[in-house]
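Everything on this sheet refers to the single structure shown next.
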Amino acid sequence: MAADAVATAEIRGALAGLRRATGRPVAFGGAVGPGAAQIRISELSGTATAALRSLVVTSGTGLGGRAVALGRACAVPDYSSSRRISHEYDAPVAAEGLRSVLAVPLVVRHRVRGVLYGALRTAQPLGDRALGGAVAAAREVERALAVRDEARGLLAALRPAVPEPGAGREHVREAHAALRALAPRIADPELRAELLAACALLTAPAPQGSPALAPRELDVLTWVATGATNAAVADRLGLRPETVKGYLRAAMRKLGAHTRGEAVTAARRAGVLP
């Protein structure tokens, strides 16, 4: 079973935070393979043995499989004696000494991408803190996966694109704006650099002596070039409208422009906008 490598990486990074948020000393998880039929437990944190490593859980079976099948968080106060789950995985769970266990599926665009688990070595009911912390940790992973998916999709769409006059050119400008807005949300430095490099490919080579715009000034001007209002730019970039105005004024000053339209034209001549 080939696991989702991107989901696996995000799960690995989330486990320490899940332990803090839930107060559960053991956390583990894994990505769903093709078809969402199986999960391979690949990431462990706080475990004392390797009993759970590489365990393959089928959808609908055990606690994690139940969470995948239902698409929601599930928990049992005592794993081995619970009548709410099937017991195909009792041996590795017992080998690790786990009793109270919760499982939260990672759902992105209606597709389960993986499962996060938190566990105690004592039997006790699930508390609000544990459930809320686990769900919050899962939502963070889901957001990261959604951003990565969006970034990969934009890059894939742009690779064959060649700037053309007219409507084709407008498509490239919109894609450039979307990439500029997405890049600051990418935590992975390599993927962020790849996005910004793709942005650069969509612009003409900058003439020598062109004004150097700060990244946020360029982000704002990129959206202004699509016809967006300051309020719309602020919403897209997660900024305040007053902040957008400040960046726009700074860009206009550097470009020697007196209006928004003049600034966009000057930026295109300078090769910083497509």
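Just remember, in the structure tokens the first chain shown is A, the second B, etc., residues are 1-based per chain, and ligands are 1-based in the order shown.
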
Name the residues of stretch 1-31 of chain A that come out as strand (DSSP E or B) in a backbone DSSP run; write them as number ranges by chain. A: 26-31

Suppose we keep N, CA and C atoms; can you now write the selection as a PDB file, in the first residue's frame?
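File produced: result_10.pdb:
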ATOM      1  N   VAL A  26       0.751   9.356  24.633  1.00  0.00           N
ATOM      2  CA  VAL A  26       1.065   8.579  23.441  1.00  0.00           C
ATOM      3  C   VAL A  26       0.248   9.110  22.266  1.00  0.00           C
ATOM      4  N   ALA A  27       0.913   9.322  21.149  1.00  0.00           N
ATOM      5  CA  ALA A  27       0.226   9.743  19.926  1.00  0.00           C
ATOM      6  C   ALA A  27       0.839   8.988  18.753  1.00  0.00           C
ATOM      7  N   PHE A  28       0.018   8.683  17.802  1.00  0.00           N
ATOM      8  CA  PHE A  28       0.510   8.009  16.601  1.00  0.00           C
ATOM      9  C   PHE A  28      -0.463   8.275  15.464  1.00  0.00           C
ATOM     10  N   GLY A  29      -0.096   7.884  14.274  1.00  0.00           N
ATOM     11  CA  GLY A  29      -0.981   8.143  13.147  1.00  0.00           C
ATOM     12  C   GLY A  29      -0.413   7.602  11.861  1.00  0.00           C
ATOM     13  N   GLY A  30      -1.221   7.713  10.831  1.00  0.00           N
ATOM     14  CA  GLY A  30      -0.788   7.231   9.535  1.00  0.00           C
ATOM     15  C   GLY A  30      -1.672   7.770   8.436  1.00  0.00           C
ATOM     16  N   ALA A  31      -1.183   7.638   7.217  1.00  0.00           N
ATOM     17  CA  ALA A  31      -1.906   8.124   6.047  1.00  0.00           C
ATOM     18  C   ALA A  31      -2.736   7.013   5.424  1.00  0.00           C
TER      19      ALA A  31
END

Which residues are near A:Gly97? Cut-off 9 Å, only C-alpha atoms, ignore same chain within fewer than 6 positions. Put them as a list in words.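 The filter keeps Ala48, Leu120, Arg121 and Thr122 of chain A.
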
Going by DSSP on the backbone, which bits of stretch 194-255 of chain A are helix (DSSP H, G or I)? Write them as JSON, numbers by chain, please. {"A": [194, 195, 196, 197, 198, 199, 200, 201, 215, 216, 217, 218, 219, 220, 221, 222, 223, 224, 230, 231, 232, 233, 234, 235, 236, 237, 241, 242, 243, 244, 245, 246, 247, 248, 249, 250, 251, 252, 253, 254, 255]}

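Between A:Ala193 and the candidates A:Leu179, A:Leu116, A:Val141, A:Val68, the tightest atom-to-atom separation, counting only C-alpha atoms, involves A:Leu179.
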
Out of A:Val115, A:Ala175, A:Leu218, A:Ile186, which residue has the shortest atom-to-atom distance to A:Arg66 when counting only C-alpha atoms? A:Val115

Selected residue of minimal separation from A:Ala138 among A:Arg12, A:Arg83, A:Arg192, A:Arg260, counting only C-alpha atoms: A:Arg12

Give the answer as one residue: which of A:Ala187, A:Ala200, A:Ala75, A:Val104 has the shortest atom-to-atom distance to A:Leu145, using only C-alpha atoms?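 Under the stated criterion, the closest residue is A:Ala187.
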
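Residues in contact with A:Ala178 at up to 12 Å, not including ones fewer than 4 positions away on its chain and judged by only C-alpha atoms, are A:Val147, A:Glu150, A:Ala151, A:Gly153, A:Leu154, A:Leu155, A:Leu158, A:His171, A:Val172, A:Arg173, A:Glu174, A:Leu182, A:Ala183, A:Pro184, A:Arg185, A:Leu195, A:Leu196, A:Ala198, A:Cys199, A:Asp219, A:Val220, A:Thr222, A:Trp223, A:Thr226, A:Val233, A:Arg236, A:Leu237.
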
Write the residues you've just listed into a file as a compact mmCIF listing (two decimals), in the first residue's frame, and include C-alpha atoms for each of them.
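File part.txt, as written:
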# COMPACT_ATOMS: atom_id res chain seq x y z
CA VAL A 147 -2.91 24.53 1.15
CA GLU A 150 -3.85 24.00 -3.81
CA ALA A 151 -0.20 24.85 -4.34
CA GLY A 153 -2.53 22.09 -8.35
CA LEU A 154 -1.52 25.62 -9.32
CA LEU A 155 2.00 24.51 -10.16
CA LEU A 158 1.09 26.52 -14.76
CA HIS A 171 -5.39 33.81 -17.20
CA VAL A 172 -1.66 33.97 -16.50
CA ARG A 173 -2.11 37.18 -14.50
CA GLU A 174 -4.82 35.62 -12.35
CA LEU A 182 -0.73 31.35 -1.55
CA ALA A 183 3.05 31.41 -1.07
CA PRO A 184 3.12 33.07 2.41
CA ARG A 185 0.75 30.37 3.73
CA LEU A 195 5.86 28.60 -5.90
CA LEU A 196 7.78 31.88 -5.97
CA ALA A 198 6.92 29.71 -10.73
CA CYS A 199 5.74 33.30 -10.20
CA ASP A 219 1.60 40.88 -3.56
CA VAL A 220 -0.71 43.89 -3.27
CA THR A 222 -0.37 41.81 -8.24
CA TRP A 223 -3.97 41.73 -7.03
CA THR A 226 -6.45 41.97 -11.62
CA VAL A 233 -7.00 42.58 -1.77
CA ARG A 236 -7.35 37.74 -0.19
CA LEU A 237 -4.05 38.43 1.55

Distance criterion (only C-alpha atoms): nearest to A:Ala137 out of A:Arg113, A:Lys254, A:Arg84, A:Arg20: A:Arg20

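The two atoms in question, atom CA of A:Arg152 and atom CA of A:Gly227, are spaced 25.5 Å apart.
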
Residue neighbourhood A:Leu273, 7 Å, only C-alpha atoms, exclusion window fewer than 2 positions, as a count of residues only: 5

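The shell of residues at most 8 Å from stretch 98-100 of chain A, with only C-alpha atoms counted and near chain neighbours (fewer than 2 positions) removed, consists of Ala75, Val76, Pro77, Asp78, Tyr79, Ser80, Val93, Ala94, Ala95, Glu96, Leu102, Ala119, Leu120, Arg121, Thr122, Ala123, Gln124, Pro125 and Leu126 of chain A.
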
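Of the listed residues A:Leu191, A:Leu131, A:Val224, A:Ala51, the one whose atoms come nearest to A:Gly23 is A:Leu131, with distances taken using only C-alpha atoms.
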
With a distance cut-off of 9 Å and only C-alpha atoms, select the neighbouring residues of A:Arg72, excluding the residue or stretch itself and same-chain residues fewer than 5 positions from it, and output the selection as a list of chain:residue names.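 Returned residues: A:Arg66, A:Ala67, A:Ala103, A:Val104, A:Pro105, A:Leu106, A:Val107.
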